[in-house]
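File shown: entry-v3.txt. Contents: compact mmCIF, C-alpha atoms and all ligand atoms.
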# COMPACT_ATOMS: atom_id res chain seq x y z
CA MET A 30 -262.78 164.76 46.03
CA LYS A 31 -259.38 163.27 46.74
CA ALA A 32 -258.30 159.88 45.34
CA ILE A 33 -255.28 157.72 45.99
CA ILE A 34 -254.24 155.55 43.05
CA VAL A 35 -251.86 152.62 43.46
CA GLY A 36 -250.07 151.85 40.19
CA GLY A 37 -248.83 154.02 37.35
CA GLY A 38 -249.66 151.84 34.34
CA ILE A 39 -252.23 152.90 31.76
CA MET A 40 -255.12 152.18 34.14
CA GLY A 41 -253.86 154.19 37.10
CA LEU A 42 -252.66 157.06 34.92
CA SER A 43 -255.90 157.21 32.92
CA THR A 44 -257.98 157.29 36.08
CA ALA A 45 -255.80 160.13 37.37
CA TRP A 46 -256.29 161.89 34.03
CA GLY A 47 -260.08 161.52 34.25
CA LEU A 48 -260.16 162.84 37.81
CA ALA A 49 -257.76 165.72 37.12
CA ARG A 50 -259.84 166.85 34.12
CA ASP A 51 -262.72 167.46 36.53
CA GLY A 52 -260.57 169.23 39.08
CA HIS A 53 -260.24 166.44 41.64
CA GLU A 54 -257.15 165.85 43.73
CA VAL A 55 -255.05 162.75 43.06
CA GLU A 56 -252.09 161.10 44.77
CA LEU A 57 -250.62 158.37 42.58
CA PHE A 58 -248.07 155.87 43.91
CA GLU A 59 -245.80 153.80 41.69
CA GLN A 60 -243.30 151.28 43.02
CA GLY A 61 -240.81 151.91 40.18
CA PRO A 62 -239.96 154.83 37.95
CA LEU A 63 -242.93 156.49 36.29
CA PRO A 64 -243.57 154.91 33.90
CA ASN A 65 -242.14 151.59 35.05
CA PRO A 66 -240.46 149.46 32.34
CA LEU A 67 -241.74 146.34 34.11
CA ALA A 68 -245.40 147.40 33.81
CA SER A 69 -247.66 145.58 31.39
CA SER A 70 -248.37 148.92 29.73
CA MET A 71 -244.73 149.48 28.85
CA ASP A 72 -244.14 147.95 25.47
CA GLU A 73 -243.73 149.68 22.13
CA HIS A 74 -247.27 148.93 21.06
CA ARG A 75 -250.67 147.52 21.86
CA LEU A 76 -253.39 146.70 19.35
CA ILE A 77 -256.92 148.05 19.11
CA ARG A 78 -259.43 146.23 16.89
CA HIS A 79 -263.15 145.61 16.52
CA PRO A 80 -263.06 141.81 15.99
CA TYR A 81 -263.53 140.30 19.44
CA GLY A 82 -264.65 136.69 18.98
CA ASP A 83 -267.95 136.17 20.82
CA HIS A 84 -267.40 139.12 23.20
CA VAL A 85 -270.06 141.43 21.80
CA GLY A 86 -269.80 143.72 24.84
CA TYR A 87 -266.14 144.52 24.20
CA ALA A 88 -266.69 144.78 20.43
CA ARG A 89 -269.35 147.41 21.18
CA LEU A 90 -267.01 149.35 23.48
CA ILE A 91 -264.35 149.82 20.79
CA ASP A 92 -266.03 152.93 19.33
CA ASP A 93 -266.15 154.47 22.82
CA ALA A 94 -262.50 153.50 23.32
CA TYR A 95 -261.53 155.30 20.10
CA ALA A 96 -263.52 158.39 21.13
CA THR A 97 -261.72 158.50 24.48
CA TRP A 98 -258.30 158.12 22.86
CA ASP A 99 -259.24 161.10 20.67
CA LEU A 100 -259.98 163.09 23.82
CA LEU A 101 -256.61 162.08 25.25
CA TRP A 102 -254.79 163.06 22.04
CA GLN A 103 -256.40 166.50 22.39
CA ASP A 104 -255.15 166.86 25.96
CA LEU A 105 -251.67 165.54 25.11
CA GLY A 106 -251.41 167.60 21.91
CA GLN A 107 -250.33 164.53 19.92
CA ARG A 108 -251.85 161.39 18.43
CA LEU A 109 -249.93 158.28 19.46
CA TYR A 110 -251.73 155.84 17.19
CA ALA A 111 -251.42 154.52 13.65
CA PRO A 112 -254.27 152.85 11.72
CA THR A 113 -253.51 149.51 10.05
CA GLY A 114 -256.81 147.73 9.44
CA THR A 115 -257.37 144.24 10.85
CA LEU A 116 -256.82 140.96 9.05
CA ALA A 117 -258.25 137.95 10.90
CA LEU A 118 -257.27 134.47 9.70
CA THR A 119 -258.36 131.00 10.71
CA GLY A 120 -257.83 127.39 9.76
CA ASN A 121 -257.35 123.91 11.15
CA GLY A 122 -260.66 123.85 13.02
CA ALA A 123 -260.27 127.26 14.66
CA ASP A 124 -263.08 129.74 14.04
CA TRP A 125 -262.26 132.96 15.92
CA ALA A 126 -262.32 135.06 12.74
CA GLU A 127 -265.71 133.70 11.64
CA ARG A 128 -267.16 134.20 15.10
CA SER A 129 -265.81 137.75 15.22
CA ALA A 130 -267.40 138.53 11.87
CA ALA A 131 -270.73 137.07 13.01
CA THR A 132 -270.61 139.01 16.29
CA LEU A 133 -269.78 142.28 14.56
CA ALA A 134 -272.62 141.77 12.09
CA THR A 135 -275.06 141.79 15.03
CA ILE A 136 -273.94 145.32 15.94
CA GLY A 137 -273.94 146.68 12.42
CA LYS A 138 -270.21 146.40 11.68
CA SER A 139 -269.26 144.25 8.76
CA MET A 140 -266.10 142.34 8.09
CA THR A 141 -265.39 141.41 4.49
CA GLU A 142 -264.48 137.82 3.75
CA LEU A 143 -261.45 137.73 1.44
CA PRO A 144 -260.93 134.72 -0.85
CA VAL A 145 -257.85 132.91 0.47
CA ALA A 146 -256.57 132.57 -3.09
CA ASP A 147 -256.40 136.39 -3.34
CA LEU A 148 -254.55 136.90 -0.05
CA ARG A 149 -251.07 136.80 -1.53
CA HIS A 150 -252.11 139.25 -4.21
CA ARG A 151 -253.49 141.76 -1.73
CA PHE A 152 -250.84 141.14 0.95
CA PRO A 153 -247.71 139.92 -0.87
CA GLN A 154 -245.83 139.76 2.44
CA ILE A 155 -248.01 136.81 3.57
CA GLU A 156 -247.58 133.12 2.63
CA ALA A 157 -251.00 132.09 4.01
CA LYS A 158 -250.13 128.40 4.44
CA GLY A 159 -252.76 126.79 6.65
CA VAL A 160 -255.20 129.66 6.25
CA GLU A 161 -258.71 128.49 5.41
CA ARG A 162 -260.72 131.70 5.86
CA ALA A 163 -259.74 135.35 5.96
CA PHE A 164 -261.75 138.38 7.10
CA TRP A 165 -260.92 142.06 6.83
CA ILE A 166 -262.13 145.24 8.49
CA ASP A 167 -260.69 148.70 7.79
CA SER A 168 -260.69 149.70 11.45
CA GLY A 169 -257.99 148.75 13.94
CA GLY A 170 -254.50 149.93 14.56
CA VAL A 171 -251.50 150.31 16.78
CA LEU A 172 -251.46 152.35 19.99
CA PHE A 173 -247.91 153.44 20.81
CA ALA A 174 -248.22 152.19 24.36
CA GLN A 175 -245.00 153.24 26.06
CA ASP A 176 -245.12 156.65 24.40
CA ILE A 177 -248.69 157.05 25.63
CA VAL A 178 -247.94 156.22 29.26
CA THR A 179 -244.81 158.39 29.16
CA ALA A 180 -246.71 161.37 27.72
CA LEU A 181 -249.59 160.83 30.13
CA ALA A 182 -247.26 160.76 33.15
CA GLN A 183 -245.62 163.98 31.93
CA HIS A 184 -249.01 165.58 31.36
CA LEU A 185 -250.15 164.63 34.87
CA ALA A 186 -246.94 165.96 36.41
CA ARG A 187 -248.03 169.41 35.15
CA GLN A 188 -251.49 169.26 36.74
CA PRO A 189 -251.62 171.29 39.96
CA ARG A 190 -253.87 168.89 41.89
CA VAL A 191 -252.04 165.69 40.87
CA HIS A 192 -249.17 164.47 43.06
CA LEU A 193 -247.07 161.68 41.58
CA HIS A 194 -244.97 159.47 43.86
CA PRO A 195 -242.59 157.35 41.77
CA HIS A 196 -240.32 154.81 43.51
CA THR A 197 -242.89 154.52 46.32
CA THR A 198 -244.18 151.03 46.94
CA VAL A 199 -247.51 150.77 48.69
CA ARG A 200 -247.19 148.07 51.35
CA ALA A 201 -250.79 147.92 52.59
CA VAL A 202 -254.19 149.32 51.70
CA ASP A 203 -257.22 149.82 53.92
CA LEU A 204 -260.15 150.00 51.53
CA GLU A 205 -262.70 150.42 54.30
CA TYR A 206 -261.24 153.73 55.46
CA GLY A 207 -259.41 154.89 52.32
CA ARG A 208 -255.88 154.65 53.65
CA ILE A 209 -252.57 153.32 52.41
CA VAL A 210 -249.17 152.77 53.98
CA THR A 211 -245.99 152.92 51.92
CA GLU A 212 -242.99 150.62 52.27
CA ALA A 213 -241.22 153.45 54.11
CA GLY A 214 -244.09 153.58 56.60
CA ALA A 215 -245.75 156.81 55.45
CA ALA A 216 -249.55 156.83 55.81
CA HIS A 217 -251.87 158.61 53.37
CA ALA A 218 -255.65 158.95 53.31
CA ALA A 219 -258.24 159.95 50.72
CA ASP A 220 -261.94 159.64 49.95
CA VAL A 221 -261.21 156.65 47.74
CA VAL A 222 -258.30 154.28 47.04
CA VAL A 223 -258.04 152.74 43.57
CA VAL A 224 -255.76 149.71 43.29
CA ALA A 225 -254.52 149.53 39.69
CA ALA A 226 -251.49 147.37 40.46
CA GLY A 227 -251.46 145.16 37.34
CA ALA A 228 -249.94 141.71 37.87
CA TRP A 229 -248.85 142.66 41.39
CA VAL A 230 -252.44 143.06 42.65
CA GLY A 231 -252.38 139.78 44.61
CA ARG A 232 -249.67 141.09 46.91
CA LEU A 233 -251.92 143.92 48.10
CA LEU A 234 -255.26 142.11 47.84
CA PRO A 235 -254.59 138.37 48.31
CA ASP A 236 -258.26 137.39 48.00
CA LEU A 237 -258.44 138.91 44.53
CA GLY A 238 -255.12 137.29 43.67
CA ARG A 239 -257.06 134.04 43.35
CA ARG A 240 -259.29 135.49 40.59
CA LEU A 241 -256.62 137.56 38.88
CA ILE A 242 -253.88 135.12 37.91
CA PRO A 243 -250.49 136.53 36.83
CA SER A 244 -249.50 135.24 33.41
CA ARG A 245 -245.99 135.42 31.99
CA GLN A 246 -246.02 136.20 28.27
CA VAL A 247 -243.16 136.40 25.79
CA VAL A 248 -243.17 138.49 22.62
CA ILE A 249 -240.62 138.54 19.80
CA TYR A 250 -239.23 141.64 18.11
CA PHE A 251 -237.77 140.94 14.66
CA ASP A 252 -235.11 142.66 12.67
CA LEU A 253 -236.31 142.68 9.04
CA PRO A 254 -234.46 143.30 5.79
CA ASP A 255 -235.23 146.85 4.59
CA GLU A 256 -237.51 145.77 1.75
CA ASP A 257 -239.60 143.55 4.05
CA ARG A 258 -239.83 146.32 6.65
CA ALA A 259 -241.02 148.73 3.94
CA ALA A 260 -243.67 146.23 2.84
CA TRP A 261 -244.97 145.83 6.40
CA ALA A 262 -244.77 149.51 7.34
CA ARG A 263 -248.34 150.11 6.13
CA GLY A 264 -249.78 147.11 7.91
CA PRO A 265 -251.86 145.11 8.28
CA MET A 266 -252.24 143.97 11.85
CA ILE A 267 -252.91 140.22 11.84
CA ILE A 268 -254.83 138.16 14.35
CA GLU A 269 -254.74 134.51 13.42
CA LYS A 270 -255.41 131.04 14.68
CA THR A 271 -254.67 128.22 12.30
CA GLY A 272 -252.80 125.77 14.42
CA ASP A 273 -251.51 125.03 17.86
CA VAL A 274 -250.79 128.62 18.69
CA GLY A 275 -252.81 131.74 17.97
CA LEU A 276 -250.64 134.58 16.78
CA TYR A 277 -250.97 138.35 16.65
CA LEU A 278 -248.67 140.46 14.51
CA VAL A 279 -247.93 144.14 15.05
CA PRO A 280 -246.53 145.87 11.96
CA PRO A 281 -243.69 148.42 12.34
CA MET A 282 -245.77 151.59 12.11
CA GLU A 283 -244.06 154.99 12.20
CA GLY A 284 -240.61 153.53 12.88
CA ARG A 285 -241.58 151.27 15.76
CA GLY A 286 -240.53 147.63 16.05
CA PHE A 287 -242.09 144.62 14.32
CA LYS A 288 -243.56 142.34 16.96
CA VAL A 289 -245.25 138.97 17.15
CA GLY A 290 -246.90 137.38 20.19
CA ASP A 291 -249.35 134.61 20.95
CA HIS A 292 -252.70 134.41 22.67
CA GLU A 293 -251.87 131.44 24.84
CA PHE A 294 -252.00 132.40 28.54
CA SER A 295 -249.20 130.84 30.54
CA ARG A 296 -251.17 131.47 33.80
CA SER A 297 -247.90 131.13 35.65
CA GLY A 298 -244.86 133.09 36.74
CA ASP A 299 -243.98 135.78 39.22
CA PRO A 300 -243.85 139.41 38.08
CA THR A 301 -241.19 140.16 40.69
CA ALA A 302 -238.82 137.42 39.44
CA LYS A 303 -235.92 138.10 37.08
CA ARG A 304 -237.23 138.29 33.52
CA ALA A 305 -235.50 136.18 30.90
CA ALA A 306 -236.82 134.28 27.87
CA SER A 307 -235.36 131.49 25.82
CA GLU A 308 -235.89 129.95 22.38
CA ASP A 309 -238.03 127.28 24.06
CA ASP A 310 -240.54 129.97 25.02
CA ILE A 311 -241.08 130.96 21.41
CA ARG A 312 -240.59 127.83 19.31
CA PRO A 313 -244.29 127.33 18.40
CA LEU A 314 -244.58 131.00 17.51
CA LEU A 315 -241.48 130.85 15.30
CA ASN A 316 -242.87 127.78 13.53
CA ARG A 317 -246.07 129.60 12.71
CA CYS A 318 -244.17 132.71 11.56
CA ARG A 319 -242.19 130.50 9.20
CA SER A 320 -245.32 129.28 7.43
CA LEU A 321 -247.19 132.62 7.48
CA LEU A 322 -244.62 135.27 6.67
CA ARG A 323 -242.91 135.56 3.32
CA GLY A 324 -239.10 135.74 3.45
CA PHE A 325 -239.14 134.83 7.13
CA ASP A 326 -235.94 132.77 6.87
CA ARG A 327 -234.03 136.01 6.30
CA TRP A 328 -235.39 137.64 9.46
CA ARG A 329 -233.41 137.85 12.67
CA THR A 330 -234.79 137.77 16.20
CA ASP A 331 -233.88 141.18 17.56
CA ARG A 332 -235.04 140.66 21.15
CA LEU A 333 -237.47 138.77 23.33
CA LYS A 334 -239.54 140.64 25.86
CA VAL A 335 -241.15 139.08 28.92
CA CYS A 336 -244.27 140.76 30.17
CA PHE A 337 -246.88 139.98 32.84
CA TYR A 338 -250.58 140.53 32.96
CA THR A 339 -253.45 139.12 34.96
CA VAL A 340 -255.93 136.65 33.53
CA THR A 341 -259.46 135.93 34.70
CA GLU A 342 -261.35 132.72 34.02
CA ASP A 343 -263.72 134.33 31.50
CA GLU A 344 -261.25 137.01 30.28
CA ARG A 345 -263.59 139.76 31.49
CA PHE A 346 -262.25 142.85 33.23
CA VAL A 347 -262.47 143.26 36.98
CA VAL A 348 -263.25 146.87 37.93
CA GLU A 349 -265.09 146.54 41.20
CA LYS A 350 -265.83 148.47 44.35
CA GLN A 351 -264.19 147.01 47.44
CA ALA A 352 -265.42 147.86 50.94
CA ALA A 353 -266.58 151.43 51.65
CA CYS A 354 -263.73 153.41 50.06
CA GLY A 355 -261.88 151.17 47.64
CA TRP A 356 -261.88 150.02 44.02
CA VAL A 357 -259.81 147.39 42.28
CA MET A 358 -259.10 148.13 38.65
CA SER A 359 -257.85 145.20 36.62
CA PRO A 360 -258.98 145.45 33.02
CA CYS A 361 -256.66 142.91 31.57
CA SER A 362 -256.58 139.25 30.46
CA GLY A 363 -254.16 140.52 27.84
CA HIS A 364 -256.62 142.87 26.14
CA GLY A 365 -256.94 145.89 28.41
CA PHE A 366 -254.68 148.55 26.95
CA LYS A 367 -257.01 149.49 24.09
CA PHE A 368 -259.63 150.38 26.72
CA GLY A 369 -257.20 152.10 29.10
CA ALA A 370 -258.26 155.69 28.48
CA LEU A 371 -261.95 154.72 28.46
CA MET A 372 -261.70 152.63 31.64
CA GLY A 373 -259.89 155.46 33.43
CA LEU A 374 -262.24 158.22 32.33
CA GLU A 375 -265.36 156.22 33.19
CA LEU A 376 -264.04 155.13 36.58
CA ALA A 377 -263.24 158.76 37.35
CA ARG A 378 -266.85 159.66 36.47
CA THR A 379 -268.24 156.94 38.69
CA LEU A 380 -266.00 157.92 41.61
CA ALA A 381 -266.96 161.56 41.33
CA SER A 382 -270.68 161.13 40.68
CA GLY A 383 -271.40 158.18 42.92
CA ARG A 384 -273.13 156.31 40.10
CA ASP A 385 -273.97 152.70 40.69
CA SER A 386 -270.87 150.59 41.33
CA THR A 387 -272.51 147.29 40.35
CA ALA A 388 -273.59 148.72 37.01
CA HIS A 389 -270.08 150.03 36.51
CA ALA A 390 -268.54 146.62 37.20
CA ARG A 391 -270.94 144.99 34.73
CA TRP A 392 -270.12 147.59 32.10
CA ALA A 393 -266.37 147.03 32.54
CA ALA A 394 -266.97 143.27 32.33
CA GLY A 395 -268.48 143.80 28.90
CA LEU A 396 -271.95 142.87 30.11
CA GLU A 397 -273.76 146.21 29.72
CA ALA A 398 -274.20 147.91 26.37
CA ILE A 399 -273.44 151.38 27.62
CA ALA A 400 -271.51 153.09 30.36
CA PRO A 401 -273.61 153.36 33.50
CA THR A 402 -275.41 156.65 33.99
C1 LIG B 501 -247.37 140.76 25.82
C2 LIG B 501 -248.60 141.59 26.00
C3 LIG B 501 -249.37 141.94 24.91
C4 LIG B 501 -250.53 142.68 25.07
N1 LIG B 501 -251.22 143.07 23.97
C5 LIG B 501 -252.31 143.86 24.11
C6 LIG B 501 -252.96 144.37 22.97
O1 LIG B 501 -252.55 144.15 21.82
N2 LIG B 501 -254.06 145.14 23.15
C7 LIG B 501 -254.54 145.44 24.38
O2 LIG B 501 -255.56 146.11 24.47
N3 LIG B 501 -253.91 145.00 25.50
C8 LIG B 501 -252.81 144.22 25.38
N4 LIG B 501 -252.14 143.78 26.49
C9 LIG B 501 -252.69 144.06 27.84
C10 LIG B 501 -252.34 145.44 28.34
O3 LIG B 501 -250.99 145.73 28.15
C11 LIG B 501 -252.73 145.50 29.83
O4 LIG B 501 -254.10 145.16 29.93
C12 LIG B 501 -252.53 146.87 30.43
O5 LIG B 501 -251.29 147.42 30.09
C13 LIG B 501 -252.68 146.75 31.95
O6 LIG B 501 -252.43 148.02 32.53
P1 LIG B 501 -252.40 148.21 34.10
O7 LIG B 501 -252.26 149.66 34.35
O8 LIG B 501 -253.56 147.48 34.70
O9 LIG B 501 -251.11 147.37 34.59
P2 LIG B 501 -249.58 147.77 34.52
O10 LIG B 501 -249.26 148.47 33.26
O11 LIG B 501 -248.81 146.53 34.82
O12 LIG B 501 -249.39 148.82 35.69
C14 LIG B 501 -249.46 148.45 37.04
C15 LIG B 501 -248.47 149.32 37.79
O13 LIG B 501 -248.68 149.18 39.18
C16 LIG B 501 -247.43 149.27 39.82
N5 LIG B 501 -247.55 148.65 41.13
C17 LIG B 501 -247.88 147.37 41.43
N6 LIG B 501 -247.93 147.17 42.76
C18 LIG B 501 -247.61 148.35 43.33
C19 LIG B 501 -247.49 148.76 44.70
N7 LIG B 501 -247.71 147.90 45.71
N8 LIG B 501 -247.13 150.03 44.94
C20 LIG B 501 -246.92 150.92 43.91
N9 LIG B 501 -247.02 150.56 42.61
C21 LIG B 501 -247.37 149.30 42.31
C22 LIG B 501 -246.52 148.49 38.87
O14 LIG B 501 -245.16 148.78 39.09
C23 LIG B 501 -247.03 148.93 37.52
O15 LIG B 501 -246.32 150.05 37.03
C24 LIG B 501 -250.96 143.06 26.36
C25 LIG B 501 -250.17 142.73 27.47
C26 LIG B 501 -249.00 142.01 27.30
C27 LIG B 501 -248.17 141.70 28.52
As structure tokens, please, write out the structure in this file.
Amino acid sequence: MKAIIVGGGIMGLSTAWGLARDGHEVELFEQGPLPNPLASSMDEHRLIRHPYGDHVGYARLIDDAYATWDLLWQDLGQRLYAPTGTLALTGNGADWAERSAATLATIGKSMTELPVADLRHRFPQIEAKGVERAFWIDSGGVLFAQDIVTALAQHLARQPRVHLHPHTTVRAVDLEYGRIVTEAGAAHAADVVVVAAGAWVGRLLPDLGRRLIPSRQVVIYFDLPDEDRAAWARGPMIIEKTGDVGLYLVPPMEGRGFKVGDHEFSRSGDPTAKRAASEDDIRPLLNRCRSLLRGFDRWRTDRLKVCFYTVTEDERFVVEKQAACGWVMSPCSGHGFKFGALMGLELARTLASGRDSTAHARWAAGLEAIAPT
């Protein structure tokens, strides 16, 4: 089988990896360099964790996601992941941590509730102001995202039946007949075309652009005093909602940066526009950092990074067959990276085996317990 893949983020590359492992031919087109610094997948890290609010389907898929990352580490000859454990905090009427714990209990995974009074003892780097309940699970960690996509692109470049086309924008796709045309006017055809174009998907598939809304997100990298960095270098990852803005915190594992972001979707912005962020973008986040993180007044903002992803109404992934020879692959809403290897490998299996596309879409949407057979 021959597949054309549009987009060289984690989704396109993982699908190419899955297909190449089974000896299929792949042509992958990427509008920028490969990997592209503007891609959603290109940041120092992305989190993987079991707590998933009410989304039992995605919580269940985490073990499969870990198993597929392990397979990728074998193929790459390196593990680009560091475990941290997951600390989930809530307060001020928010209940994401409690709901996550309740959901995980239904699938046999338990979170431990930690007395808030003990938090500062166990995690001296936290102030815990505004925290009303705290839950812990040993699993969870940091995927070194940009190192993963870089290593994956290099790995694919060595595969004889994979042809990578960086700096080649796809201008149009014909999903009925499995054809694409590049900006330069070159036409290519295959048995299947997979559109994994991240936040740019609406330019190629305008109808889907109404379901997959680009969302501009800003994250903060901090410069920490050495002693604070050393304290955070073993974790934990924090997911918290205690006020106006829900925050996630990525500790500086294995020499990477220390990053904080929020869960609030902007549902606005244009991924092709110039990317710049200001203090206004991050004021609520900074306020929360100030009350949560010990010694925060001594920290310096190192840099702000603007990133785009697509958001769906229900935050479920869209991995769906389109016409006779096409698929759109948009596992995002800000939580897709952790499933990147799994989504790619399973889509490759479905493409090659012809298994049921509706079942596959439901599985990717977190609605089926297991991958379709
Ligand atoms: C701030 C932020 C924090 C996040 N945190 C997490 C997290 O902690 N955990 C988690 O699991 N997920 C997280 N995510 C989400 C995750 O990063 C994305 O779900 C994932 O990277 C999406 O990968 P993708 O391959 O679909 O898109 P992308 O990585 O954006 O790749 C799409 C590629 O397609 C290319 N392209 C587009 N159009 C064309 C065209 N016409 N021709 C050729 N090439 C084209 C683009 O240049 C791009 O390289 C986060 C995202 C952001 C932005």
Give me, please, the distance in Å between atom C27 of ligand LIG 501 (chain B) and atom CA of Thr179 of chain A, quoted to one decimal.
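It comes out at 17.0 Å.
The shell of residues at most 8 Å from Asp83 of chain A, with all atoms listed in the file counted and near chain neighbours (fewer than 5 positions) removed, consists of Arg128, Ser129 and Thr132 of chain A.
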Step by step, measure atom-to-atom distances between ligand LIG 501 (chain B) and each residue using all atoms listed in the file, keep those at most 6 Å, then write them as a PyMOL selection string.
chain A and resi 35-41+58-61+65+68-70+75-77+197-200+225-229+246+248+336-338+359-361+363-367
Near Arg149 of chain A, within 12 Å and counting all atoms listed in the file, which residues show up once chain neighbours fewer than 5 positions away are dropped, as an mmCIF file with C-alpha atoms, in the coordinates of the input?
data_model
loop_
_atom_site.group_PDB
_atom_site.id
_atom_site.type_symbol
_atom_site.label_atom_id
_atom_site.label_comp_id
_atom_site.auth_asym_id
_atom_site.auth_seq_id
_atom_site.Cartn_x
_atom_site.Cartn_y
_atom_site.Cartn_z
ATOM 1 C CA LEU A 143 -261.450 137.730 1.440
ATOM 2 C CA PRO A 144 -260.930 134.720 -0.850
ATOM 3 C CA GLN A 154 -245.830 139.760 2.440
ATOM 4 C CA ILE A 155 -248.010 136.810 3.570
ATOM 5 C CA GLU A 156 -247.580 133.120 2.630
ATOM 6 C CA ALA A 157 -251.000 132.090 4.010
ATOM 7 C CA LYS A 158 -250.130 128.400 4.440
ATOM 8 C CA VAL A 160 -255.200 129.660 6.250
ATOM 9 C CA ALA A 163 -259.740 135.350 5.960
ATOM 10 C CA LEU A 321 -247.190 132.620 7.480
ATOM 11 C CA LEU A 322 -244.620 135.270 6.670
ATOM 12 C CA ARG A 323 -242.910 135.560 3.320
#
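Taking only C-alpha atoms into account, Ala117 of chain A lies nearest to A:Lys270 out of the set A:Lys138, A:Arg319, A:His194, A:Lys270.
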Distance criterion (all atoms listed in the file): nearest to Leu233 of chain A out of A:Val357, A:Val348, A:Leu109, A:Leu48:
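Residue with the minimum atom-to-atom distance to Leu233 of chain A: A:Val357.
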Please provide as an mmCIF file with C-alpha atoms, keeping the file's coordinate frame all residues within 10 Å of Ala32 of chain A, with the sequence filter that same-chain residues fewer than 4 positions apart are discarded (counting all atoms listed in the file).
data_model
loop_
_atom_site.group_PDB
_atom_site.id
_atom_site.type_symbol
_atom_site.label_atom_id
_atom_site.label_comp_id
_atom_site.auth_asym_id
_atom_site.auth_seq_id
_atom_site.Cartn_x
_atom_site.Cartn_y
_atom_site.Cartn_z
ATOM 1 C CA THR A 44 -257.980 157.290 36.080
ATOM 2 C CA ALA A 45 -255.800 160.130 37.370
ATOM 3 C CA LEU A 48 -260.160 162.840 37.810
ATOM 4 C CA HIS A 53 -260.240 166.440 41.640
ATOM 5 C CA GLU A 54 -257.150 165.850 43.730
ATOM 6 C CA VAL A 55 -255.050 162.750 43.060
ATOM 7 C CA GLU A 56 -252.090 161.100 44.770
ATOM 8 C CA LEU A 57 -250.620 158.370 42.580
ATOM 9 C CA VAL A 191 -252.040 165.690 40.870
ATOM 10 C CA GLY A 207 -259.410 154.890 52.320
ATOM 11 C CA ALA A 218 -255.650 158.950 53.310
ATOM 12 C CA ALA A 219 -258.240 159.950 50.720
ATOM 13 C CA ASP A 220 -261.940 159.640 49.950
ATOM 14 C CA VAL A 221 -261.210 156.650 47.740
ATOM 15 C CA VAL A 222 -258.300 154.280 47.040
ATOM 16 C CA VAL A 223 -258.040 152.740 43.570
ATOM 17 C CA CYS A 354 -263.730 153.410 50.060
ATOM 18 C CA GLY A 355 -261.880 151.170 47.640
ATOM 19 C CA ALA A 377 -263.240 158.760 37.350
ATOM 20 C CA LEU A 380 -266.000 157.920 41.610
ATOM 21 C CA ALA A 381 -266.960 161.560 41.330
#
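For the choices A:Val171, A:Pro195, A:Leu105, A:Ala146, the atom-to-atom distance to Leu278 of chain A is smallest for A:Val171 when using all atoms listed in the file.
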List the spatial neighbours of His292 of chain A as a VMD selection string - criterion: any atom at most 8 Å away, all atoms listed in the file, same-chain residues fewer than 5 positions off excluded.
chain A and resid 274 to 277
